[in-house]
There are 2 protein chains.
Amino acid sequence: MPETPHRANRLSGTRYGNRPTMKDVAARAGVGLKTVSRVVNGEPGVTAETERRVQEAIDALGFRRNDSARVLRKGRTASIGLVLEDLADPFYGPLSRAVEEVARAHGALLINGSSAEDPDREQELVLALCARRVDGLVVIPAGDDHRYLEPELKAGVATVFVDRPAGNIDADVVLSDNYGGARDGVAHLIAHGHRRIGFIGDMPRIHTAAERLRGYRSAMEDAGIPVQDSWMSLGVTNPERVRRAAEEMLSGPEPVTAIFAGNNRVTVTVVRILSEHPRRTALVGFDDIELADLLQPGVTVVAQDAAALGRTAAERLFRQLDGSLVAPERIELPTRLVTRGSGELPPAD
Amino acid sequence: MPETPHRANRLSGTRYGNRPTMKDVAARAGVGLKTVSRVVNGEPGVTAETERRVQEAIDALGFRRNDSARVLRKGRTASIGLVLEDLADPFYGPLSRAVEEVARAHGALLINGSSAEDPDREQELVLALCARRVDGLVVIPAGDDHRYLEPELKAGVATVFVDRPAGNIDADVVLSDNYGGARDGVAHLIAHGHRRIGFIGDMPRIHTAAERLRGYRSAMEDAGIPVQDSWMSLGVTNPERVRRAAEEMLSGPEPVTAIFAGNNRVTVTVVRILSEHPRRTALVGFDDIELADLLQPGVTVVAQDAAALGRTAAERLFRQLDGSLVAPERIELPTRLVTRGSGELPPAD
DNA sequence: CCCGCATCTGACAACGTTGTCCAGGCTCTA
DNA sequence: TAGAGCCTGGACAACGTTGTCAGATGCGGG
C-alpha cells in the first residue's frame, strides 16, 4: 500500500504543475504544517526523528518552498535588479558579474535587464523589477529623468546609479572619472605633438559622452588649441556612421593627425578604419578593449574598471539595506591611461 | 484639509517600506478593493469617472502592484532563469542578451546567475530559481548529473539546456556542432600541410571540450596522423597554464607547427604567446574573438553563433510553455570556419 | 409604477508561507 | 507524587493579490 495522503490534492489544478506544498508534505509525513516549515527553514524545535520523516516526505514529493509566498509574508525578496544598456557589450559583462558576486555574498539573486539605451524601456524595466519587489536596484540610466523612482525610494528600495548620475532625484551614484580620463588622454596626444585632434563620441545627452567631450575640450583649451567643429563627431556610435565621420576628419586639406575615441565600440571601429588607411594616425580610446596590446600598433586607451564600478555600487547598495548609510553620495573612480603605441605616434603631416 | 485616509495604515510596519497596497488605494479613492484591481489590470467594467479617481489615488500614493502576491494567486511569474558559466565571458554576454530579447517578446523577465563552472553552485542557483517559481529555465550546465531537476520537470517547469547536454535526464538541448567544427578546423590545418598539431582545451568532463577533442582526434585519424600525448593539453584554461602548455609544445626537437585552441580564452592567450615567439606557428581557435581580423596575422577561427544558441533555446522554452511541444529534442547548430590568415600559415620547419 | 435587464461594484475566499500563541507531554526536583 | 519548567508540535491569522459571485444601481418598456 503506497502513499495514503490524508487529503486529496485539490482537483481544479489548472495551475501549471500542481507542485506539492508544505501542506502536502505535512500530510505525507503525518505532522503539522508549521513543523514542515521549521524543518525547511532549519529552525530549532524539531526532534531528529520528526525531521527525518519530514525530510523524507520532502524528497519523495520533490517539494520546493515557494518563495513568492515567502516574500509575501516576509517582505524581502533577497534579489536585486540591475538595469544596464546591453549585456552583450563587453563593458557590461564584467560589471554585471561583479554585481552578481556581491549579491551572492549577501545571499541575493540578480535580475538584470537591458534598456537598449531607451529611456522608456529603462523605466519599464525598473518598474517591473519594483513590482517584483527587488530589495535594491542598480541602474545604469538611459534616460535623464528619474522622478518616477520617487515612490520606490520613499518605500525603501535601495538604489544606486552607476556610470551616469540620476536625473532629478537625489541618489547614490558611482562613476568613472570620465572628464579627467578624457582630458588626460587628449593631453597625452597633445604632449606627443598633435594639435588637430578629432573626437568621435556618443550623443552628449548621455552623461559619460558629455563628460568625455568636456575633457576633450578642456585639454584642447589648456593647450591653447581652438577646436574646429569639423573635428568633432557626436551621437555617432554605429560602425557605418563612425566610418563616415572618421573618413571626413581624415580627408581634406587639414586632416586630423590623431583621434580620440569616446568609447569601446567607437575605438574598435576606428582601429579598423585606421588599419586600412595609408597615413598613420594616432589614437587614444576610452575603455579598454581585449587584445589591444597585440594590435599593430598597440591601442593606447583610457581604461576604466567596469568590475570595480559594479562592485562598488553593489556594496553600497547592501550598505543601504543594512541601514548603515545616510545621505546619498557621489563616488568617482579613477581611470588609468594605458600606453601601448597608438597614442604615442607622432603627427604625420 | 489634506488626505483623510479611511483606515489608518497598520502600525507594526516593520516591513521595509510600508508600501501602499490596493487596499490603501481603494480607501483613498473611496472604492472597493476589486475595483482597484480592475483598473490596475485594465479589466473592463469600470466607469471612466471611477477609473480616473482610482488612477489619481494610485499616482498620489505611488502604488505599484506587488507581483509576489500576484504570482501566488496566478501561478505564473512571467520570468525565466538563465544559468551560465560566467557573464563576464564575451561568449555568454550575447547569448544572455538573446535569451533576454526572446523573453521580453513574451513579456517575461530574465534572472541570471553564474555557476563559475561549479556543479554545486549550478544546482544551488537552479533550485533558487525554482523556489522563485520561474516559468522556465535555460541552463548551461556545469555539472553532469541533473536528476535533481526531475521534480521540476514533472511540475512543468520548462527547461532547455544549452551548449552542453543534460546529464541523466531527458531534456531539450541546443548545441553547437562542436565535434564537426573542431574536426573541420583541424582538417583545415592539415590541408595546409601541418602534421604536428597541438590541442589545448578544457577538461574533457566538460561536454564541449570533450567533443572538440574528439573532433581533433577524428581529423588527425582521417589524415592518418598518430597523435602524440605531448601534443594535447587538457583541463588547461587559465593564462599561466596555457602559456606553460604552449611553451612545451613549441619547444623540444619536434615542436608542433600548428595549434588548435579549444575555446576563446585559450585562443586569446595563445595569440599572445605566438606573437612573442620567433617561429611562425599556425593557429585555429574555437569561438570567434573580437578584432581577430586586425591582428597580424588575422586569427582563423571556428565560429559559433552565441546569440543564435540563446535565441533558439529561448524560443524552444516558450514553445514548451505554450504546450506546443512534445518530446525533448536535440538541436545542433552549425559552426563556421572563418579564415583570416593564422590558420593558413604553412608549417615552419 | 414596477419589472427585467445590463452594467458596475464590492465582499469573500483562496493562493503558500511564516509568526504568534497555546496545548500537551515529558523530565526533574522537592 | 505533585508542581514547575522545558521541549515539541499544531491551529490560526496575516501577507497582497485575483477569481467568483452576488448585490446595487440605473434605464427602458410594459
# chains A, B, ... in the order shown; residues from 1 in each chain; ligands from 1
$ residues_around --residues "range 34-40 of chain A" --least-positions-apart "4" --cutoff "8 Å" --atoms "only C-alpha atoms (C1' of nucleotides)" --output "list in words"
Met22, Val25, Ala26, Pro44, Gly45, Val46, Glu51, Val54, Gln55 and Arg65 of chain A; DT18 of chain C; DG9 and DG10 of chain D
$ closest_atom_pairs --of "chain C" --to "chain A" --cutoff "10 Å" --atoms "only C-alpha atoms (C1' of nucleotides)" --output "CSV"
residue,atom,partner,partner_atom,distance
C:DC15,C1',A:Ala69,CA,8.2
C:DG16,C1',A:Ala69,CA,5.2
C:DT17,C1',A:Arg70,CA,4.9
C:DT18,C1',A:Arg73,CA,6.3
C:DG19,C1',A:Arg73,CA,9.2
$ write_last_selection --atoms "C-alpha atoms (C1' of nucleotides)" --output "mmCIF file, in the first residue's frame"
data_model
loop_
_atom_site.group_PDB
_atom_site.id
_atom_site.type_symbol
_atom_site.label_atom_id
_atom_site.label_comp_id
_atom_site.auth_asym_id
_atom_site.auth_seq_id
_atom_site.Cartn_x
_atom_site.Cartn_y
_atom_site.Cartn_z
ATOM 1 C "C1'" DC C 15 -3.002 31.172 -3.245
ATOM 2 C "C1'" DG C 16 1.536 29.018 0.158
ATOM 3 C "C1'" DT C 17 4.170 30.612 3.529
ATOM 4 C "C1'" DT C 18 5.646 32.333 8.348
ATOM 5 C "C1'" DG C 19 4.930 34.496 13.161
#
$ residues_around --residues "DA24 in chain D" --least-positions-apart "5" --cutoff "10 Å" --atoms "only C-alpha atoms (C1' of nucleotides)" --output "VMD selection string"
chain C and resid 8 to 10
$ write_last_selection --atoms "N, CA and C atoms (P, O5', C5', C4', C3', O3' and C1' of nucleotides)" --output "PDB file, in the first residue's frame"
ATOM      1  P    DC C   8     -20.385  49.675 -17.561  1.00  0.00           P
ATOM      2  O5'  DC C   8     -20.156  49.690 -15.977  1.00  0.00           O
ATOM      3  C5'  DC C   8     -20.753  50.740 -15.219  1.00  0.00           C
ATOM      4  C4'  DC C   8     -20.794  50.335 -13.764  1.00  0.00           C
ATOM      5  C3'  DC C   8     -19.413  50.204 -13.097  1.00  0.00           C
ATOM      6  O3'  DC C   8     -19.315  51.232 -12.118  1.00  0.00           O
ATOM      7  C1'  DC C   8     -20.906  48.452 -12.461  1.00  0.00           C
ATOM      8  P    DT C   9     -17.924  51.401 -11.326  1.00  0.00           P
ATOM      9  O5'  DT C   9     -18.165  50.456 -10.073  1.00  0.00           O
ATOM     10  C5'  DT C   9     -19.155  50.820  -9.108  1.00  0.00           C
ATOM     11  C4'  DT C   9     -19.263  49.735  -8.073  1.00  0.00           C
ATOM     12  C3'  DT C   9     -17.973  49.457  -7.308  1.00  0.00           C
ATOM     13  O3'  DT C   9     -18.126  50.006  -6.006  1.00  0.00           O
ATOM     14  C1'  DT C   9     -19.172  47.461  -7.859  1.00  0.00           C
ATOM     15  P    DG C  10     -16.900  49.939  -4.986  1.00  0.00           P
ATOM     16  O5'  DG C  10     -17.202  48.593  -4.186  1.00  0.00           O
ATOM     17  C5'  DG C  10     -18.446  48.474  -3.507  1.00  0.00           C
ATOM     18  C4'  DG C  10     -18.570  47.087  -2.909  1.00  0.00           C
ATOM     19  C3'  DG C  10     -17.404  46.667  -2.006  1.00  0.00           C
ATOM     20  O3'  DG C  10     -17.952  45.976  -0.901  1.00  0.00           O
ATOM     21  C1'  DG C  10     -17.711  45.056  -3.683  1.00  0.00           C
TER      22       DG C  10
END
$ interface_residues --of "chain D" --to "chain B" --cutoff "10 Å" --atoms "only C-alpha atoms (C1' of nucleotides)" --output "number ranges by chain"
D: 15-19
$ write_last_selection --atoms "C-alpha atoms (C1' of nucleotides)" --output "CSV table (one decimal), in the first residue's frame"
chain,number,residue,atom,x,y,z
D,15,DC,C1',0.9,38.9,3.9
D,16,DG,C1',-1.4,41.5,-1.1
D,17,DT,C1',-3.5,39.9,-4.9
D,18,DT,C1',-7.3,37.8,-8.1
D,19,DG,C1',-11.5,34.9,-9.4
$ closest_residue --among "B:Arg183, B:Arg272, B:Arg196, B:His106" --to "chain A" --atoms "only C-alpha atoms"
B:Arg272
$ closest_atom_pairs --of "chain A" --to "chain B" --cutoff "8 Å" --atoms "only C-alpha atoms" --output "Markdown table"
| residue | atom | partner | partner_atom | distance |
| --- | --- | --- | --- | --- |
| A:Arg15 | CA | B:Gly75 | CA | 5.7 |
| A:Tyr16 | CA | B:Gly156 | CA | 6.2 |
| A:Gly17 | CA | B:Ala155 | CA | 4.1 |
| A:Asn18 | CA | B:Ala155 | CA | 6.5 |
| A:Arg19 | CA | B:Ala155 | CA | 5.7 |
| A:Leu61 | CA | B:Pro151 | CA | 7.7 |
| A:Gly62 | CA | B:Pro151 | CA | 5.1 |
| A:Phe63 | CA | B:Pro151 | CA | 7.7 |
| A:Arg64 | CA | B:Ala131 | CA | 6.0 |
| A:Arg65 | CA | B:Ala131 | CA | 5.6 |
| A:Asn66 | CA | B:Ala131 | CA | 5.2 |
| A:Asp67 | CA | B:Arg132 | CA | 5.0 |
| A:Ser68 | CA | B:Ser68 | CA | 5.0 |
| A:Ala69 | CA | B:Leu72 | CA | 6.1 |
| A:Val71 | CA | B:Ser68 | CA | 6.8 |
| A:Leu72 | CA | B:Ala69 | CA | 6.1 |
| A:Lys74 | CA | B:Arg15 | CA | 7.5 |
| A:Gly75 | CA | B:Arg15 | CA | 5.7 |
| A:Arg76 | CA | B:Tyr16 | CA | 7.7 |
| A:Asp86 | CA | B:Arg97 | CA | 7.2 |
| A:Leu87 | CA | B:Gly93 | CA | 5.4 |
| A:Ala88 | CA | B:Gly93 | CA | 4.3 |
| A:Asp89 | CA | B:Gly93 | CA | 7.1 |
| A:Pro90 | CA | B:Pro90 | CA | 6.2 |
| A:Tyr92 | CA | B:Ala88 | CA | 7.9 |
| A:Gly93 | CA | B:Ala88 | CA | 4.2 |
| A:Pro94 | CA | B:Ala88 | CA | 4.3 |
| A:Leu95 | CA | B:Ala88 | CA | 7.7 |
| A:Ser96 | CA | B:Leu87 | CA | 7.2 |
| A:Arg97 | CA | B:Leu87 | CA | 5.7 |
| A:Glu100 | CA | B:Gly113 | CA | 7.4 |
| A:Leu109 | CA | B:Gly113 | CA | 7.4 |
| A:Leu110 | CA | B:Ile111 | CA | 6.3 |
| A:Ile111 | CA | B:Ile111 | CA | 4.2 |
| A:Asn112 | CA | B:Ile111 | CA | 6.2 |
| A:Gly113 | CA | B:Leu110 | CA | 7.0 |
| A:Ser114 | CA | B:Arg97 | CA | 7.7 |
| A:Cys130 | CA | B:Arg64 | CA | 7.5 |
| A:Ala131 | CA | B:Asn66 | CA | 5.2 |
| A:Arg132 | CA | B:Asp67 | CA | 5.0 |
| A:Arg133 | CA | B:Asn66 | CA | 6.8 |
| A:Pro151 | CA | B:Gly62 | CA | 5.1 |
| A:Glu152 | CA | B:Gly62 | CA | 7.8 |
| A:Lys154 | CA | B:Gly17 | CA | 7.3 |
| A:Ala155 | CA | B:Gly17 | CA | 4.1 |
| A:Gly156 | CA | B:Gly17 | CA | 5.0 |
| A:Val157 | CA | B:Gly17 | CA | 7.6 |
| A:Val268 | CA | B:Leu291 | CA | 7.5 |
| A:Arg272 | CA | B:Leu294 | CA | 6.9 |
| A:Ser275 | CA | B:Leu294 | CA | 7.6 |
| A:Glu290 | CA | B:Glu290 | CA | 7.4 |
| A:Leu291 | CA | B:Val268 | CA | 7.4 |
| A:Leu294 | CA | B:Leu295 | CA | 6.8 |
| A:Leu295 | CA | B:Leu295 | CA | 5.5 |
| A:Gln296 | CA | B:Leu295 | CA | 7.4 |
$ select_by_dssp --residues "range 149-319 of chain A" --states "alpha helix (DSSP H)" --output "number ranges by chain"
A: 150-154, 178-191, 207-222, 239-250, 264-276, 306-319
$ write_last_selection --atoms "C-alpha atoms" --output "short mmCIF file (atom, residue, chain, number, x, y, z; two decimals), in the first residue's frame"
data_model
loop_
_atom_site.label_atom_id
_atom_site.label_comp_id
_atom_site.auth_asym_id
_atom_site.auth_seq_id
_atom_site.Cartn_x
_atom_site.Cartn_y
_atom_site.Cartn_z
CA GLU A 150 10.48 58.68 -6.00
CA PRO A 151 7.83 56.36 -4.57
CA GLU A 152 10.31 53.49 -4.63
CA LEU A 153 12.97 55.46 -2.81
CA LYS A 154 10.42 56.53 -0.26
CA ASN A 178 35.15 60.47 -17.41
CA TYR A 179 36.13 64.09 -17.58
CA GLY A 180 39.58 63.61 -16.12
CA GLY A 181 40.23 60.47 -18.09
CA ALA A 182 39.35 62.05 -21.40
CA ARG A 183 41.33 65.15 -20.57
CA ASP A 184 44.40 63.08 -19.75
CA GLY A 185 44.01 61.04 -22.88
CA VAL A 186 43.77 64.09 -25.11
CA ALA A 187 46.57 65.83 -23.23
CA HIS A 188 48.66 62.76 -23.92
CA LEU A 189 48.11 63.20 -27.64
CA ILE A 190 48.94 66.88 -27.38
CA ALA A 191 52.11 66.05 -25.48
CA HIS A 207 26.33 61.82 -19.34
CA THR A 208 29.52 59.89 -19.94
CA ALA A 209 29.67 61.15 -23.51
CA ALA A 210 29.18 64.73 -22.40
CA GLU A 211 31.84 64.45 -19.72
CA ARG A 212 34.35 62.95 -22.08
CA LEU A 213 33.66 65.69 -24.60
CA ARG A 214 34.18 68.22 -21.84
CA GLY A 215 37.51 66.59 -21.03
CA TYR A 216 38.50 66.81 -24.67
CA ARG A 217 37.60 70.49 -24.88
CA SER A 218 39.34 71.21 -21.63
CA ALA A 219 42.59 69.59 -22.71
CA MET A 220 42.49 71.44 -26.00
CA GLU A 221 41.81 74.70 -24.28
CA ASP A 222 44.61 74.18 -21.81
CA PRO A 239 30.10 51.35 -37.36
CA GLU A 240 28.91 52.88 -40.63
CA ARG A 241 28.47 56.32 -39.19
CA VAL A 242 31.73 56.18 -37.29
CA ARG A 243 33.41 55.22 -40.51
CA ARG A 244 31.90 58.16 -42.35
CA ALA A 245 32.82 60.53 -39.57
CA ALA A 246 36.38 59.29 -39.41
CA GLU A 247 36.85 59.40 -43.18
CA GLU A 248 35.75 63.01 -43.15
CA MET A 249 38.15 64.02 -40.43
CA LEU A 250 40.98 62.24 -42.15
CA ASN A 264 34.98 50.97 -26.77
CA ARG A 265 32.72 50.44 -29.76
CA VAL A 266 33.97 53.58 -31.45
CA THR A 267 37.54 52.58 -30.69
CA VAL A 268 37.11 49.21 -32.33
CA THR A 269 35.71 50.74 -35.48
CA VAL A 270 38.36 53.42 -35.63
CA VAL A 271 41.11 50.84 -35.23
CA ARG A 272 39.64 49.03 -38.18
CA ILE A 273 39.48 52.17 -40.30
CA LEU A 274 42.98 53.32 -39.44
CA SER A 275 44.38 49.92 -40.31
CA GLU A 276 43.07 50.44 -43.83
CA ALA A 306 34.00 48.01 -15.07
CA ALA A 307 34.12 45.34 -12.39
CA ALA A 308 35.13 47.90 -9.79
CA LEU A 309 32.21 50.10 -10.78
CA GLY A 310 29.81 47.21 -10.31
CA ARG A 311 31.39 46.01 -7.11
CA THR A 312 31.43 49.43 -5.55
CA ALA A 313 27.84 50.10 -6.48
CA ALA A 314 26.60 46.76 -5.20
CA GLU A 315 28.47 47.09 -1.94
CA ARG A 316 26.97 50.47 -1.41
CA LEU A 317 23.56 49.06 -2.21
CA PHE A 318 23.83 46.46 0.50
CA ARG A 319 25.08 49.03 2.95
#
$ atom_distance --atom1 "CA of Leu234 in chain A" --atom2 "CA of Gly341 in chain A"
25.5 Å
$ select_by_dssp --residues "range 38-269 of chain A" --states "strand (DSSP E)" --output "number ranges by chain"
A: 79-84, 109-114, 136-139, 158-162, 172-176, 197-200, 232-233, 258-261
$ atom_distance --atom1 "CA of Arg164 in chain A" --atom2 "CA of Val139 in chain A"
8.8 Å
$ residues_around --residues "DG3 in chain D" --least-positions-apart "6" --cutoff "12 Å" --atoms "only C-alpha atoms (C1' of nucleotides)" --output "list in words"
DC28, DT29 and DA30 of chain C
$ atom_distance --atom1 "CA of Val173 in chain B" --atom2 "CA of Pro328 in chain B"
7.8 Å
$ residues_around --residues "Gln320 in chain B" --least-positions-apart "5" --cutoff "9 Å" --atoms "only C-alpha atoms (C1' of nucleotides)" --output "ChimeraX atom specification"
/B:136,158-159,315,325-326
